[in-house]
2 protein chains.
Amino acid sequence: MSGPVLAIHGGCGVAPRGGLSDAQERHARGGLKGALRAGWAVLDKGGAALDAVEAAVVALEEHTAFNAGRGAVFNSDGKHEMDAAIMDGRDLSAGAVGGIARVRNPVRAARAVMERTDHVLLIGGGAEALAARAGLELVAPDWFSTEERRASLLQMKALQAKGDASRASERLKHGTVGAVAIDRAGHLAAATSTGGYTNKLPGRVGDTPLIGAGTYANDATLAYSGTGKGEIFIRSVLGHELHARMAYKGESLATACDAMVFGELKRLGGGAGLIAIGRDGAIALPFNTAGMYRGVASDSEGWVSIYDEREPL
Amino acid sequence: MSGPVLAIHGGCGVAPRGGLSDAQERHARGGLKGALRAGWAVLDKGGAALDAVEAAVVALEEHTAFNAGRGAVFNSDGKHEMDAAIMDGRDLSAGAVGGIARVRNPVRAARAVMERTDHVLLIGGGAEALAARAGLELVAPDWFSTEERRASLLQMKALQAKGDASRASERLKHGTVGAVAIDRAGHLAAATSTGGYTNKLPGRVGDTPLIGAGTYANDATLAYSGTGKGEIFIRSVLGHELHARMAYKGESLATACDAMVFGELKRLGGGAGLIAIGRDGAIALPFNTAGMYRGVASDSEGWVSIYDEREPL
């Protein structure tokens, strides 16, 4: 049994190397470091993986560099509709929200669904009402808005008008944040949060809040959080596919993750990345795009990265 | 290769034998027969499994005996919020809707999402707007209402007020409709539609529209549609679990389905049933409740059932 491990991502929707200014890279790496520290503080003092992934995702939601919470993208109506999920590998309990616009930290709303209702997934106004009853902070929808994301919406609409929407960059299109962890007791947990993708249809829900698609944790195998073209993850039921490959085919975490990210998902046409931790503490962080905002913290290592560099925590 | 096969269900939320009047049983069996005939007409003339499951589910949605479309249950606000999904086993394409209230046939809205958008899941007003653009019929929300379901809501609220909601009967709680088929070309498809369960929180989305949970089809293994306590199906990722047991553990359709319905799902505390057809035409219809509205049509058999009887088509 290894010690606790935390891995996070801020999405694989990254500009090719050189496409981000130094200031933008610093801003994003700072956000990753803050989230790692928030989650690691929980694990390091013996806390639960579930609490660690929530703390890390809350920090990423609060940071404007990432497409979740503040900094969420705009849909085709110029509005934010956010999705989030959290899952506890101990007993497969899970909570998720879809299409919410007023809860400051969507991952906290997901946890409220898990802990305060008999349901797993609540959407829209019903989810916001539950969050309010749980005492979570509600904000005005424009609290999430940033100038950069508004510019992305205008760019996407311009590309769409020219029939070139499919040529939009990964950076323009999407982004997600997530965290996976194993705690000292050996329990696994995962959480994911997203604004979806720029110019999506109103009402579109991606893979993030779908248990087994964008988010999955099972103490028998792994904790997983995905990022990329969500519809491909839904059709592949990616999180549960990784679980099944490990549980029933005997594949290692690395083999299962690589097979899907560089094989099946690429074949289905999707820019894709994921973070995963196995029950033995193994870490996998594959992506088939130019980069993926990511980071790892454990007793033996601590670093963040966008491309193939490693910057110490 | 066998000929085409169609199986349908109208939910495992059934009163214990003797709890339905003769008239209620006849009404439900009539609805099952109509849906089987509608789906079989497609398959028998060489049509696609995808068209057959849609036709069968539309017929079940139109029939008031079942909790989908007309006859949908009420949520705790006294409103209908319906979910549906459809999946094509040929290429894993899928469409789904959640929390809709104005589309006469939710399964048709799910198909519109699959065929007319880049998305898999649309919810609420966004899904209804897409359905309208697709030319589907919209109706007033009370079009779905029936006196029987209103009585069920009052009963559930009374039980809840006494703290006895967990003792509600399966019949009172839930219900779903679904269809699975294999066509002459050997392609598999599945569709599911539901009103959720009586007195659910506003915004609750169950397993039905979650690909891999309540609905799944993959030409490599099976087509599946579930019915029961949806949250258990979500946490188990039931449809994809059945696929993985067949693809990676080499289990037969019957072994996989029985292991989950009589083992895992029962352990997680859920009344559950499902219908499934394997790539070889094998049929499985297990349920762990008192009964399940169901039926089968093929070149060699045609029947409907609620308990353990078989009434010829």
# chains A, B, ... in the order shown; residues from 1 in each chain; ligands from 1
call {"tool": "interface_residues", "arguments": {"of": "chain B", "to": "chain A", "cutoff": "8 Å", "atoms": "only C-alpha atoms", "output": "JSON list (two decimals) with N, CA and C atoms, in the first residue's frame"}}
result
[["chain", "number", "residue", "atom", "x", "y", "z"],
["B", 92, "LEU", "N", -22.75, 2.80, -31.99],
["B", 92, "LEU", "CA", -22.83, 3.40, -30.66],
["B", 92, "LEU", "C", -23.36, 4.83, -30.71],
["B", 93, "SER", "N", -24.01, 5.23, -31.79],
["B", 93, "SER", "CA", -24.62, 6.56, -31.76],
["B", 93, "SER", "C", -25.83, 6.50, -30.84],
["B", 94, "ALA", "N", -26.11, 7.63, -30.19],
["B", 94, "ALA", "CA", -27.14, 7.65, -29.16],
["B", 94, "ALA", "C", -27.70, 9.05, -29.01],
["B", 99, "GLY", "N", -35.82, 15.52, -18.28],
["B", 99, "GLY", "CA", -36.59, 16.61, -17.69],
["B", 99, "GLY", "C", -37.41, 17.41, -18.68],
["B", 118, "ASP", "N", -24.80, 17.42, -32.50],
["B", 118, "ASP", "CA", -23.53, 16.77, -32.14],
["B", 118, "ASP", "C", -23.58, 16.26, -30.70],
["B", 119, "HIS", "N", -24.71, 16.43, -30.04],
["B", 119, "HIS", "CA", -24.82, 16.10, -28.63],
["B", 119, "HIS", "C", -25.44, 14.72, -28.44],
["B", 120, "VAL", "N", -25.36, 14.20, -27.24],
["B", 120, "VAL", "CA", -26.07, 12.97, -26.88],
["B", 120, "VAL", "C", -27.24, 13.28, -25.97],
["B", 121, "LEU", "N", -27.05, 14.16, -25.00],
["B", 121, "LEU", "CA", -28.08, 14.43, -24.00],
["B", 121, "LEU", "C", -28.45, 15.91, -23.97],
["B", 122, "LEU", "N", -29.73, 16.19, -24.18],
["B", 122, "LEU", "CA", -30.27, 17.55, -24.01],
["B", 122, "LEU", "C", -31.35, 17.50, -22.94],
["B", 123, "ILE", "N", -31.42, 18.56, -22.12],
["B", 123, "ILE", "CA", -32.40, 18.58, -21.04],
["B", 123, "ILE", "C", -33.35, 19.78, -21.18],
["B", 124, "GLY", "N", -34.52, 19.65, -20.52],
["B", 124, "GLY", "CA", -35.44, 20.74, -20.31],
["B", 124, "GLY", "C", -35.83, 21.50, -21.56],
["B", 125, "GLY", "N", -35.86, 22.82, -21.43],
["B", 125, "GLY", "CA", -36.30, 23.68, -22.52],
["B", 125, "GLY", "C", -35.46, 23.56, -23.77],
["B", 126, "GLY", "N", -34.17, 23.32, -23.61],
["B", 126, "GLY", "CA", -33.30, 23.15, -24.77],
["B", 126, "GLY", "C", -33.69, 21.93, -25.58],
["B", 127, "ALA", "N", -34.05, 20.84, -24.89],
["B", 127, "ALA", "CA", -34.48, 19.62, -25.57],
["B", 127, "ALA", "C", -35.82, 19.85, -26.26],
["B", 201, "LEU", "N", -38.03, 14.49, -6.63],
["B", 201, "LEU", "CA", -37.71, 15.91, -6.56],
["B", 201, "LEU", "C", -37.73, 16.52, -7.96],
["B", 202, "PRO", "N", -38.17, 17.77, -8.08],
["B", 202, "PRO", "CA", -38.06, 18.45, -9.38],
["B", 202, "PRO", "C", -36.60, 18.45, -9.84],
["B", 203, "GLY", "N", -36.39, 18.14, -11.11],
["B", 203, "GLY", "CA", -35.04, 18.13, -11.65],
["B", 203, "GLY", "C", -34.36, 16.77, -11.57],
["B", 204, "ARG", "N", -34.98, 15.80, -10.91],
["B", 204, "ARG", "CA", -34.36, 14.47, -10.82],
["B", 204, "ARG", "C", -34.34, 13.81, -12.19],
["B", 205, "VAL", "N", -33.18, 13.35, -12.60],
["B", 205, "VAL", "CA", -33.04, 12.56, -13.82],
["B", 205, "VAL", "C", -32.57, 11.17, -13.40],
["B", 206, "GLY", "N", -33.22, 10.16, -13.90],
["B", 206, "GLY", "CA", -32.89, 8.78, -13.53],
["B", 206, "GLY", "C", -31.92, 8.14, -14.51],
["B", 210, "LEU", "N", -29.40, 7.95, -19.41],
["B", 210, "LEU", "CA", -27.94, 7.87, -19.25],
["B", 210, "LEU", "C", -27.45, 6.63, -20.00],
["B", 211, "ILE", "N", -26.74, 6.88, -21.09],
["B", 211, "ILE", "CA", -26.24, 5.80, -21.94],
["B", 211, "ILE", "C", -25.28, 4.92, -21.13],
["B", 212, "GLY", "N", -25.55, 3.63, -21.13],
["B", 212, "GLY", "CA", -24.74, 2.72, -20.32],
["B", 212, "GLY", "C", -25.37, 2.41, -18.98],
["B", 231, "GLU", "N", -31.50, 4.97, -9.52],
["B", 231, "GLU", "CA", -30.23, 5.37, -8.92],
["B", 231, "GLU", "C", -29.28, 4.17, -8.77],
["B", 234, "ILE", "N", -27.73, 3.56, -12.10],
["B", 234, "ILE", "CA", -26.69, 4.54, -12.42],
["B", 234, "ILE", "C", -25.38, 4.16, -11.73],
["B", 235, "ARG", "N", -25.46, 3.86, -10.44],
["B", 235, "ARG", "CA", -24.25, 3.53, -9.68],
["B", 235, "ARG", "C", -23.61, 2.24, -10.19],
["B", 236, "SER", "N", -24.44, 1.32, -10.70],
["B", 236, "SER", "CA", -23.92, 0.06, -11.26],
["B", 236, "SER", "C", -23.51, 0.20, -12.72],
["B", 237, "VAL", "N", -23.89, 1.32, -13.36],
["B", 237, "VAL", "CA", -23.68, 1.49, -14.81],
["B", 237, "VAL", "C", -24.13, 0.20, -15.50],
["B", 240, "HIS", "N", -23.75, -1.02, -19.36],
["B", 240, "HIS", "CA", -22.36, -1.25, -19.76],
["B", 240, "HIS", "C", -21.74, -2.38, -18.95],
["B", 241, "GLU", "N", -22.21, -2.59, -17.72],
["B", 241, "GLU", "CA", -21.73, -3.72, -16.92],
["B", 241, "GLU", "C", -22.10, -5.04, -17.61],
["B", 244, "ALA", "N", -19.83, -5.46, -20.56],
["B", 244, "ALA", "CA", -18.45, -5.82, -20.17],
["B", 244, "ALA", "C", -18.37, -7.27, -19.71],
["B", 245, "ARG", "N", -19.38, -7.74, -18.98],
["B", 245, "ARG", "CA", -19.37, -9.14, -18.54],
["B", 245, "ARG", "C", -19.39, -10.08, -19.75],
["B", 248, "TYR", "N", -15.83, -9.16, -21.90],
["B", 248, "TYR", "CA", -14.52, -9.37, -21.26],
["B", 248, "TYR", "C", -14.47, -10.59, -20.34],
["B", 249, "LYS", "N", -15.64, -11.00, -19.78],
["B", 249, "LYS", "CA", -15.64, -12.17, -18.92],
["B", 249, "LYS", "C", -16.17, -13.41, -19.65]]
call {"tool": "select_by_dssp", "arguments": {"residues": "region 100-293 of chain B", "states": "helix (DSSP H, G or I)", "output": "ChimeraX atom specification"}}
result
/B:106-116,124-133,141-144,147-161,165-167,170-173,230-236,238-248,253-267
call {"tool": "write_last_selection", "arguments": {"atoms": "C-alpha atoms", "output": "PDB file, in the first residue's frame"}}
result
ATOM      1  CA  PRO B 106     -40.036  11.748 -25.617  1.00  0.00           C
ATOM      2  CA  VAL B 107     -38.338   8.869 -27.451  1.00  0.00           C
ATOM      3  CA  ARG B 108     -38.751  10.788 -30.711  1.00  0.00           C
ATOM      4  CA  ALA B 109     -37.039  13.776 -29.084  1.00  0.00           C
ATOM      5  CA  ALA B 110     -34.180  11.460 -28.082  1.00  0.00           C
ATOM      6  CA  ARG B 111     -33.836  10.318 -31.671  1.00  0.00           C
ATOM      7  CA  ALA B 112     -33.840  13.932 -32.868  1.00  0.00           C
ATOM      8  CA  VAL B 113     -30.934  14.671 -30.518  1.00  0.00           C
ATOM      9  CA  MET B 114     -29.058  11.704 -31.993  1.00  0.00           C
ATOM     10  CA  GLU B 115     -29.688  12.603 -35.612  1.00  0.00           C
ATOM     11  CA  ARG B 116     -29.794  16.393 -35.636  1.00  0.00           C
ATOM     12  CA  GLY B 124     -35.445  20.740 -20.312  1.00  0.00           C
ATOM     13  CA  GLY B 125     -36.303  23.676 -22.520  1.00  0.00           C
ATOM     14  CA  GLY B 126     -33.299  23.148 -24.770  1.00  0.00           C
ATOM     15  CA  ALA B 127     -34.481  19.617 -25.570  1.00  0.00           C
ATOM     16  CA  GLU B 128     -38.031  20.854 -26.193  1.00  0.00           C
ATOM     17  CA  ALA B 129     -36.766  23.575 -28.536  1.00  0.00           C
ATOM     18  CA  LEU B 130     -34.804  20.982 -30.522  1.00  0.00           C
ATOM     19  CA  ALA B 131     -37.901  18.757 -30.706  1.00  0.00           C
ATOM     20  CA  ALA B 132     -39.920  21.687 -32.035  1.00  0.00           C
ATOM     21  CA  ARG B 133     -37.262  22.442 -34.659  1.00  0.00           C
ATOM     22  CA  PRO B 141     -48.024  19.486 -19.917  1.00  0.00           C
ATOM     23  CA  ASP B 142     -51.398  18.268 -18.637  1.00  0.00           C
ATOM     24  CA  TRP B 143     -51.827  16.159 -21.763  1.00  0.00           C
ATOM     25  CA  PHE B 144     -49.757  13.518 -19.946  1.00  0.00           C
ATOM     26  CA  GLU B 147     -56.334  10.473 -12.566  1.00  0.00           C
ATOM     27  CA  GLU B 148     -54.616   7.281 -11.477  1.00  0.00           C
ATOM     28  CA  ARG B 149     -51.192   8.944 -11.347  1.00  0.00           C
ATOM     29  CA  ARG B 150     -52.612  11.924  -9.481  1.00  0.00           C
ATOM     30  CA  ALA B 151     -54.014   9.508  -6.888  1.00  0.00           C
ATOM     31  CA  SER B 152     -50.575   7.883  -6.621  1.00  0.00           C
ATOM     32  CA  LEU B 153     -48.986  11.268  -5.861  1.00  0.00           C
ATOM     33  CA  LEU B 154     -51.490  11.907  -3.073  1.00  0.00           C
ATOM     34  CA  GLN B 155     -50.829   8.431  -1.645  1.00  0.00           C
ATOM     35  CA  MET B 156     -47.063   8.964  -1.749  1.00  0.00           C
ATOM     36  CA  LYS B 157     -47.323  12.356  -0.093  1.00  0.00           C
ATOM     37  CA  ALA B 158     -49.494  10.822   2.623  1.00  0.00           C
ATOM     38  CA  LEU B 159     -46.947   8.044   3.201  1.00  0.00           C
ATOM     39  CA  GLN B 160     -44.152  10.627   3.233  1.00  0.00           C
ATOM     40  CA  ALA B 161     -45.984  12.734   5.831  1.00  0.00           C
ATOM     41  CA  ALA B 165     -42.336   6.619   2.003  1.00  0.00           C
ATOM     42  CA  SER B 166     -39.891   3.713   1.900  1.00  0.00           C
ATOM     43  CA  ARG B 167     -42.817   1.310   2.369  1.00  0.00           C
ATOM     44  CA  GLU B 170     -43.173  -0.864  -6.356  1.00  0.00           C
ATOM     45  CA  ARG B 171     -46.275  -0.005  -8.341  1.00  0.00           C
ATOM     46  CA  LEU B 172     -46.691   3.306  -6.573  1.00  0.00           C
ATOM     47  CA  LYS B 173     -43.059   4.248  -6.897  1.00  0.00           C
ATOM     48  CA  GLY B 230     -32.868   4.145 -11.341  1.00  0.00           C
ATOM     49  CA  GLU B 231     -30.225   5.374  -8.922  1.00  0.00           C
ATOM     50  CA  ILE B 232     -29.037   1.789  -8.408  1.00  0.00           C
ATOM     51  CA  PHE B 233     -28.746   1.337 -12.160  1.00  0.00           C
ATOM     52  CA  ILE B 234     -26.688   4.545 -12.419  1.00  0.00           C
ATOM     53  CA  ARG B 235     -24.250   3.530  -9.680  1.00  0.00           C
ATOM     54  CA  SER B 236     -23.923   0.061 -11.258  1.00  0.00           C
ATOM     55  CA  LEU B 238     -25.854  -1.519 -15.484  1.00  0.00           C
ATOM     56  CA  GLY B 239     -26.084  -1.580 -19.273  1.00  0.00           C
ATOM     57  CA  HIS B 240     -22.360  -1.250 -19.759  1.00  0.00           C
ATOM     58  CA  GLU B 241     -21.731  -3.719 -16.918  1.00  0.00           C
ATOM     59  CA  LEU B 242     -23.743  -6.336 -18.835  1.00  0.00           C
ATOM     60  CA  HIS B 243     -21.781  -5.499 -22.000  1.00  0.00           C
ATOM     61  CA  ALA B 244     -18.453  -5.818 -20.168  1.00  0.00           C
ATOM     62  CA  ARG B 245     -19.374  -9.142 -18.542  1.00  0.00           C
ATOM     63  CA  MET B 246     -20.190 -10.536 -21.977  1.00  0.00           C
ATOM     64  CA  ALA B 247     -17.280  -8.931 -23.850  1.00  0.00           C
ATOM     65  CA  TYR B 248     -14.525  -9.368 -21.259  1.00  0.00           C
ATOM     66  CA  LEU B 253     -26.490 -12.940 -21.805  1.00  0.00           C
ATOM     67  CA  ALA B 254     -28.537 -14.940 -19.279  1.00  0.00           C
ATOM     68  CA  THR B 255     -25.661 -15.352 -16.819  1.00  0.00           C
ATOM     69  CA  ALA B 256     -24.785 -11.651 -16.912  1.00  0.00           C
ATOM     70  CA  CYS B 257     -28.392 -10.468 -16.559  1.00  0.00           C
ATOM     71  CA  ASP B 258     -29.268 -12.897 -13.764  1.00  0.00           C
ATOM     72  CA  ALA B 259     -26.081 -12.109 -11.838  1.00  0.00           C
ATOM     73  CA  MET B 260     -26.970  -8.428 -11.798  1.00  0.00           C
ATOM     74  CA  VAL B 261     -30.752  -8.554 -11.259  1.00  0.00           C
ATOM     75  CA  PHE B 262     -30.765 -11.295  -8.604  1.00  0.00           C
ATOM     76  CA  GLY B 263     -27.336 -10.510  -7.143  1.00  0.00           C
ATOM     77  CA  GLU B 264     -25.721  -7.099  -7.315  1.00  0.00           C
ATOM     78  CA  LEU B 265     -28.858  -4.983  -7.783  1.00  0.00           C
ATOM     79  CA  LYS B 266     -30.693  -6.773  -5.010  1.00  0.00           C
ATOM     80  CA  ARG B 267     -27.678  -6.234  -2.742  1.00  0.00           C
TER      81      ARG B 267
END
call {"tool": "select_by_dssp", "arguments": {"residues": "region 15-169 of chain A", "states": "strand (DSSP E)", "output": "number ranges by chain"}}
result
A: 82-88, 93-100, 121-123
call {"tool": "atom_distance", "arguments": {"atom1": "CA of Ala55 (chain B)", "atom2": "CA of Arg184 (chain B)"}}
result
16.7 Å
call {"tool": "residues_around", "arguments": {"residues": "region 292-306 of chain B", "least_positions_apart": "4", "cutoff": "6 Å", "atoms": "only C-alpha atoms", "output": "list of chain:residue names"}}
result
B:Val5, B:Leu6, B:Ala7, B:Ile8, B:His9, B:Gly10, B:Gly11, B:Cys12, B:Arg310, B:Glu311, B:Pro312, B:Leu313
call {"tool": "closest_residue", "arguments": {"among": "B:Ala140, B:Leu36, B:Ala179, B:Leu43", "to": "Ile86 (chain B)", "atoms": "only C-alpha atoms"}}
result
B:Ala179
call {"tool": "atom_distance", "arguments": {"atom1": "CA of Asp44 (chain A)", "atom2": "CA of Ile275 (chain A)"}}
result
20.0 Å
call {"tool": "residues_around", "arguments": {"residues": "Met82 (chain A)", "least_positions_apart": "5", "cutoff": "6 Å", "atoms": "only C-alpha atoms", "output": "NGL selection string"}}
result
:A and (99-100 or 194-195)
call {"tool": "write_last_selection", "arguments": {"atoms": "C-alpha atoms", "output": "mmCIF file, in the first residue's frame"}}
result
data_model
loop_
_atom_site.group_PDB
_atom_site.id
_atom_site.type_symbol
_atom_site.label_atom_id
_atom_site.label_comp_id
_atom_site.auth_asym_id
_atom_site.auth_seq_id
_atom_site.Cartn_x
_atom_site.Cartn_y
_atom_site.Cartn_z
ATOM 1 C CA GLY A 99 -27.381 22.524 -16.476
ATOM 2 C CA ILE A 100 -27.027 24.736 -13.416
ATOM 3 C CA THR A 194 -17.261 21.834 -16.312
ATOM 4 C CA GLY A 195 -18.939 24.619 -18.219
#
